[in-house]
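Worksheet: one structure, shown below.
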Amino acid sequence: LLMAYEPAKRLARLQVSLERAVVNARMIYEILDLKPRQADRPDAKALAVTDATITFKDVRFGYSDNETILKGLNFTAEGGKTTALVGPSGAGKSTVISLIPRFYDPAEGEILIDGQDIAHVTKQSLRNAIAYVSQQPYLFEGTIRDNIRYGRPEATDAEIEEAARHAYAHDFILAQPLGYETPVGENGVTLSGGQRQRLSIARALVRNAPILLLDEATSALDTESEQAVQKALDEAMSGRTVVVIAHRLSTVVRADKIIVMQDGAVAEEGSHATLASRENGLYARLNSLQAPVANTDKNAE
Ligand code: ATP
């Protein structure tokens, strides 16, 4: 109990004013349990998840009043399937991801989960349904166990270990000087990029959430780490609704649906085979330029 209490206490301290700052820094918004700052609507209900299908309907959004980043975005991420967002830098892919846990709200339009407008559900229930894995996983000051537990403060040790096993992290954790009690973060042991990613995946897995938002790493790992991270991600993605900002060709090719974004709208959507064969299509052109979908894919293919 005490062990569960400590991280919860730290979380509460962290929460103060961090919610937006961390989104901007793209660092720790995998900590979706930060208590939402804005109050829920008085009539807000708990989100009732069935398939975890996510629908964007005519979504317009800008970070300030005089700019529009998303200009009427429409797409559906089917429940239990993987939807890959691709498109040029600045197209708005990260912005789409940040609207799903409601770090920001659309200026117009709706985002629905299983038919419920997420603006009308409690933020807590919304965020409980979502796990997030960022490009650059953030490790807090604390032990490896604490760092996984941030995904769900009430998780038991057994659940933490199970998440670590599914994230292919258990063995390297046991090889650390103090196993799960090994300190990480600024004053702790240094972990490799691949190990940090697997801890971040374990943190997401311990949430056991039906929706996984994934910002795929662009930095290349060595082949062995790459394979371990890929296996961990395959575990995490299985059976969930996944929306991934895809940087690796293998992810895009395997996605159930690809959404090609350009200038804040959906330029094309479909499977890899359909889009790649479309003459003069944006995806076909991006694909033949090997960018942006394959530009970091040295190890994966
Ligand atoms: P990339 O592949 O380079 O990450 P992206 O497709 O994910 O690009 P976004 O990061 O969503 O695109 O950015 C879309 C636009 O919104 C850009 O012009 C960007 O500068 C701006 N932007 C992104 N995040 C913020 C923020 N927190 N505050 C203000 N502007 C932002």
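Going through the structure tokens in order, the chains are called A, B, and so on, while each chain numbers its residues from 1 and the ligands are numbered from 1 in the order shown.
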
Exercise for the section: May I ask you to write as a PyMOL selection string all residues lying at most 10 Å from ligand 1, with only C-alpha atoms and all ligand atoms counted? Expected result: chain A and resi 20-26+61-64+67-70+85-98+103-104+215+245-247+261-264+292

Based on the selection just made, write C-alpha atoms of those residues as an mmCIF file, in the first residue's frame.
data_model
loop_
_atom_site.group_PDB
_atom_site.id
_atom_site.type_symbol
_atom_site.label_atom_id
_atom_site.label_comp_id
_atom_site.auth_asym_id
_atom_site.auth_seq_id
_atom_site.Cartn_x
_atom_site.Cartn_y
_atom_site.Cartn_z
ATOM 1 C CA ARG A 20 -0.269 21.842 -20.685
ATOM 2 C CA ALA A 21 3.415 22.438 -20.206
ATOM 3 C CA VAL A 22 4.193 18.788 -20.618
ATOM 4 C CA VAL A 23 2.177 18.546 -23.790
ATOM 5 C CA ASN A 24 4.179 21.346 -25.263
ATOM 6 C CA ALA A 25 7.396 19.709 -24.209
ATOM 7 C CA ARG A 26 6.043 16.436 -25.626
ATOM 8 C CA PHE A 61 -8.530 23.519 -34.225
ATOM 9 C CA GLY A 62 -5.767 26.091 -33.747
ATOM 10 C CA TYR A 63 -3.427 26.722 -30.843
ATOM 11 C CA SER A 64 -4.416 30.371 -30.959
ATOM 12 C CA GLU A 67 -4.329 30.226 -36.789
ATOM 13 C CA THR A 68 -6.042 27.048 -37.901
ATOM 14 C CA ILE A 69 -4.019 23.862 -37.724
ATOM 15 C CA LEU A 70 -6.821 21.359 -38.360
ATOM 16 C CA LEU A 85 -1.192 8.981 -39.431
ATOM 17 C CA VAL A 86 1.355 9.996 -42.029
ATOM 18 C CA GLY A 87 2.114 13.209 -43.860
ATOM 19 C CA PRO A 88 4.611 16.021 -44.106
ATOM 20 C CA SER A 89 6.076 17.626 -41.014
ATOM 21 C CA GLY A 90 3.688 20.217 -39.636
ATOM 22 C CA ALA A 91 0.631 18.557 -41.181
ATOM 23 C CA GLY A 92 -0.925 18.278 -37.711
ATOM 24 C CA LYS A 93 -0.369 14.636 -36.757
ATOM 25 C CA SER A 94 0.733 15.333 -33.170
ATOM 26 C CA THR A 95 -2.090 17.804 -32.807
ATOM 27 C CA VAL A 96 -4.606 15.083 -33.698
ATOM 28 C CA ILE A 97 -3.148 12.811 -31.032
ATOM 29 C CA SER A 98 -3.286 15.521 -28.348
ATOM 30 C CA PHE A 103 -5.258 18.196 -23.776
ATOM 31 C CA TYR A 104 -6.929 20.666 -26.090
ATOM 32 C CA ASP A 215 4.212 8.451 -31.429
ATOM 33 C CA ILE A 245 2.129 8.666 -35.833
ATOM 34 C CA ALA A 246 4.066 6.316 -38.019
ATOM 35 C CA HIS A 247 7.640 6.872 -39.031
ATOM 36 C CA MET A 261 -2.636 14.328 -43.695
ATOM 37 C CA GLN A 262 -1.713 17.495 -45.463
ATOM 38 C CA ASP A 263 -2.321 21.054 -44.317
ATOM 39 C CA GLY A 264 -4.587 20.022 -41.478
ATOM 40 C CA PRO A 292 8.316 10.740 -44.402
#

Could you produce a table of the residues of stretch 101-160 of chain A lying within 12 Å of stretch 241-244 of chain A, with the nearest pair of atoms per residue and their separation in Å rounded to one decimal, using only C-alpha atoms, ordered by chain and increasing residue number, as CSV?
residue,atom,partner,partner_atom,distance
A:Ile113,CA,A:Thr241,CA,10.7
A:Asp114,CA,A:Thr241,CA,11.5
A:Ala129,CA,A:Thr241,CA,10.4
A:Ile130,CA,A:Thr241,CA,9.5
A:Ala131,CA,A:Val242,CA,9.6
A:Tyr132,CA,A:Val243,CA,9.8
A:Val133,CA,A:Val244,CA,9.5
A:Ser134,CA,A:Val244,CA,10.1
A:Gln135,CA,A:Val244,CA,10.9

Those same residues - C-alpha atoms - I'd like them written as a PDB file, in the first residue's frame.
ATOM      1  CA  ILE A 113     -15.586   7.514 -28.926  1.00  0.00           C
ATOM      2  CA  ASP A 114     -18.174   4.797 -29.506  1.00  0.00           C
ATOM      3  CA  ALA A 129      -9.426   4.526 -21.540  1.00  0.00           C
ATOM      4  CA  ILE A 130      -6.185   5.788 -23.106  1.00  0.00           C
ATOM      5  CA  ALA A 131      -2.531   4.830 -22.910  1.00  0.00           C
ATOM      6  CA  TYR A 132       0.183   6.821 -24.602  1.00  0.00           C
ATOM      7  CA  VAL A 133       3.708   5.944 -25.690  1.00  0.00           C
ATOM      8  CA  SER A 134       5.827   8.900 -26.775  1.00  0.00           C
ATOM      9  CA  GLN A 135       8.852   9.142 -28.998  1.00  0.00           C
TER      10      GLN A 135
END

Handout entry: Gap from atom CA of A:Ala167 to atom CA of A:Val252 - Å, one decimal
Key = 21.2 Å

Handout entry: Shell around A:Met237 at 12 Å using only C-alpha atoms, local window under 5 positions removed, as a PyMOL selection string
Key = chain A and resi 79-83+131-133+166-167+201+204-205+208-214+230-232+242-244+251+254-255

Residues from the last selection, N, CA and C atoms, saved as a short mmCIF file (atom, residue, chain, number, x, y, z; two decimals), in the first residue's frame:
data_model
loop_
_atom_site.label_atom_id
_atom_site.label_comp_id
_atom_site.auth_asym_id
_atom_site.auth_seq_id
_atom_site.Cartn_x
_atom_site.Cartn_y
_atom_site.Cartn_z
N GLY A 79 -12.42 0.47 -33.97
CA GLY A 79 -12.10 -0.22 -32.74
C GLY A 79 -11.25 -1.47 -32.97
N GLY A 80 -10.21 -1.63 -32.18
CA GLY A 80 -9.38 -2.83 -32.27
C GLY A 80 -8.44 -2.85 -33.46
N LYS A 81 -8.45 -1.78 -34.26
CA LYS A 81 -7.61 -1.74 -35.47
C LYS A 81 -6.52 -0.68 -35.32
N THR A 82 -5.54 -0.74 -36.21
CA THR A 82 -4.46 0.24 -36.19
C THR A 82 -4.63 1.25 -37.31
N THR A 83 -4.66 2.51 -36.93
CA THR A 83 -4.75 3.61 -37.88
C THR A 83 -3.45 4.40 -37.83
N ALA A 131 -3.95 4.90 -23.28
CA ALA A 131 -2.53 4.83 -22.91
C ALA A 131 -1.74 5.51 -24.01
N TYR A 132 -0.59 6.05 -23.65
CA TYR A 132 0.18 6.82 -24.60
C TYR A 132 1.66 6.43 -24.51
N VAL A 133 2.26 6.21 -25.66
CA VAL A 133 3.71 5.94 -25.69
C VAL A 133 4.34 7.00 -26.59
N HIS A 166 5.45 -8.48 -20.67
CA HIS A 166 4.85 -8.29 -21.99
C HIS A 166 5.58 -7.22 -22.79
N ALA A 167 6.25 -6.32 -22.09
CA ALA A 167 7.01 -5.26 -22.78
C ALA A 167 8.46 -5.69 -23.01
N ILE A 201 6.62 1.40 -22.61
CA ILE A 201 5.58 0.49 -23.10
C ILE A 201 4.98 -0.28 -21.92
N ALA A 204 2.57 1.88 -20.26
CA ALA A 204 1.30 1.93 -21.01
C ALA A 204 0.51 0.65 -20.79
N LEU A 205 1.21 -0.49 -20.80
CA LEU A 205 0.51 -1.77 -20.68
C LEU A 205 -0.16 -1.93 -19.33
N ASN A 208 -3.71 -1.05 -19.04
CA ASN A 208 -4.70 -1.94 -19.64
C ASN A 208 -5.86 -1.17 -20.25
N ALA A 209 -5.54 -0.18 -21.04
CA ALA A 209 -6.54 0.71 -21.63
C ALA A 209 -6.89 0.23 -23.05
N PRO A 210 -8.11 0.44 -23.48
CA PRO A 210 -8.51 -0.03 -24.81
C PRO A 210 -7.95 0.79 -25.98
N ILE A 211 -7.48 2.01 -25.68
CA ILE A 211 -6.96 2.88 -26.76
C ILE A 211 -5.48 3.14 -26.51
N LEU A 212 -4.69 2.96 -27.55
CA LEU A 212 -3.26 3.24 -27.45
C LEU A 212 -2.89 4.30 -28.47
N LEU A 213 -2.33 5.40 -27.97
CA LEU A 213 -1.82 6.45 -28.84
C LEU A 213 -0.31 6.30 -28.85
N LEU A 214 0.24 6.33 -30.05
CA LEU A 214 1.65 5.98 -30.17
C LEU A 214 2.34 6.97 -31.10
N GLN A 230 10.03 -3.62 -30.96
CA GLN A 230 8.95 -3.97 -31.89
C GLN A 230 8.06 -5.06 -31.30
N LYS A 231 8.68 -6.06 -30.67
CA LYS A 231 7.88 -7.13 -30.08
C LYS A 231 7.01 -6.58 -28.94
N ALA A 232 7.59 -5.68 -28.16
CA ALA A 232 6.83 -5.06 -27.06
C ALA A 232 5.65 -4.26 -27.61
N VAL A 242 -5.52 1.50 -32.02
CA VAL A 242 -4.23 2.19 -32.02
C VAL A 242 -4.28 3.34 -33.03
N VAL A 243 -3.86 4.51 -32.58
CA VAL A 243 -3.62 5.62 -33.51
C VAL A 243 -2.14 5.93 -33.39
N VAL A 244 -1.43 5.73 -34.49
CA VAL A 244 0.03 5.85 -34.43
C VAL A 244 0.52 6.90 -35.42
N THR A 251 5.47 -0.19 -40.05
CA THR A 251 4.25 0.14 -39.31
C THR A 251 3.15 0.58 -40.26
N ARG A 254 1.70 -2.27 -42.36
CA ARG A 254 0.87 -3.22 -41.62
C ARG A 254 -0.41 -2.60 -41.06
N ALA A 255 -0.50 -1.27 -41.09
CA ALA A 255 -1.68 -0.60 -40.50
C ALA A 255 -2.95 -1.02 -41.23
#

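Remark: for A:Asp171, the closest of the candidate residues A:Asn128, A:Ser271, A:Gln195, A:Gln227 is A:Gln195 (distances computed over only C-alpha atoms).
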
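Here the residues within stretch 169-199 of chain A that DSSP labels helix (DSSP H, G or I) on the basis of the backbone are His170, Asp171, Phe172, Ile173, Leu174, Gly179, Tyr180, Glu181, Gly193, Gly194, Gln195, Arg196, Gln197, Arg198 and Leu199 of chain A.
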
Export of the given selection (C-alpha atoms) as a CSV table (one decimal), in the first residue's frame:
chain,number,residue,atom,x,y,z
A,170,HIS,CA,11.5,-8.0,-17.3
A,171,ASP,CA,14.9,-9.6,-18.1
A,172,PHE,CA,16.9,-6.4,-18.4
A,173,ILE,CA,15.2,-5.1,-15.3
A,174,LEU,CA,16.4,-8.2,-13.3
A,179,GLY,CA,16.2,-5.2,-10.1
A,180,TYR,CA,12.8,-3.5,-9.9
A,181,GLU,CA,14.1,-1.3,-7.1
A,193,GLY,CA,17.1,4.1,-25.6
A,194,GLY,CA,15.5,0.8,-26.3
A,195,GLN,CA,15.3,0.0,-22.6
A,196,ARG,CA,13.7,3.3,-21.9
A,197,GLN,CA,11.2,2.7,-24.6
A,198,ARG,CA,10.3,-0.7,-23.2
A,199,LEU,CA,9.8,0.8,-19.8

Practice task
From the DSSP assignment of the backbone, select every residue of stretch 142-247 of chain A that is strand (DSSP E), and format the answer as a ChimeraX atom specification.
Solution key: /A:142-143,183-184,211-215,241-245

Those selected residues, please, written with C-alpha atoms and delivered as a PDB file, in the first residue's frame.
ATOM      1  CA  GLY A 142      12.493   6.944  -8.669  1.00  0.00           C
ATOM      2  CA  THR A 143      12.804   3.212  -9.088  1.00  0.00           C
ATOM      3  CA  PRO A 183      16.782   3.964  -9.250  1.00  0.00           C
ATOM      4  CA  VAL A 184      16.505   5.572 -12.672  1.00  0.00           C
ATOM      5  CA  ILE A 211      -6.963   2.876 -26.757  1.00  0.00           C
ATOM      6  CA  LEU A 212      -3.259   3.236 -27.446  1.00  0.00           C
ATOM      7  CA  LEU A 213      -1.816   6.454 -28.840  1.00  0.00           C
ATOM      8  CA  LEU A 214       1.652   5.980 -30.174  1.00  0.00           C
ATOM      9  CA  ASP A 215       4.212   8.451 -31.429  1.00  0.00           C
ATOM     10  CA  THR A 241      -7.562   0.719 -30.995  1.00  0.00           C
ATOM     11  CA  VAL A 242      -4.230   2.192 -32.021  1.00  0.00           C
ATOM     12  CA  VAL A 243      -3.618   5.623 -33.507  1.00  0.00           C
ATOM     13  CA  VAL A 244       0.026   5.847 -34.434  1.00  0.00           C
ATOM     14  CA  ILE A 245       2.129   8.666 -35.833  1.00  0.00           C
TER      15      ILE A 245
END

Completion exercise
Here atom CA of A:Glu269 and atom CA of A:Tyr283 stand apart by 9.0 Å

What's around A:Ala158 at 12 Å? Count only C-alpha atoms, leave out sequence neighbours fewer than 2 positions away in its own chain, and write the answer as a compact mmCIF listing (two decimals) with C-alpha atoms, in the first residue's frame.
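Contents of the output file out.txt:
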# COMPACT_ATOMS: atom_id res chain seq x y z
CA ARG A 145 8.95 -0.11 -10.35
CA ILE A 148 6.04 1.59 -14.49
CA ARG A 149 3.50 2.26 -11.75
CA GLU A 154 -2.92 1.35 -7.83
CA ALA A 155 -1.26 -1.43 -9.87
CA THR A 156 0.04 -4.33 -7.78
CA ILE A 160 3.77 -4.36 -12.82
CA GLU A 161 5.87 -7.44 -13.42
CA GLU A 162 3.38 -8.84 -15.87
CA ALA A 163 3.38 -5.57 -17.84
CA ALA A 164 7.19 -5.60 -17.84
CA ARG A 165 7.23 -9.17 -19.16
CA HIS A 170 11.54 -8.03 -17.26
CA TYR A 180 12.83 -3.48 -9.94
CA VAL A 206 -0.10 -1.59 -16.94

Problem - Interatomic distance, atom CA of A:Val266 to atom CA of A:Ala217 (Å, one decimal) - result: 22.7 Å

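Taking only C-alpha atoms into account, A:Val121 lies nearest to A:Asp43 out of the set A:Glu141, A:Asp43, A:Glu78, A:Glu159.
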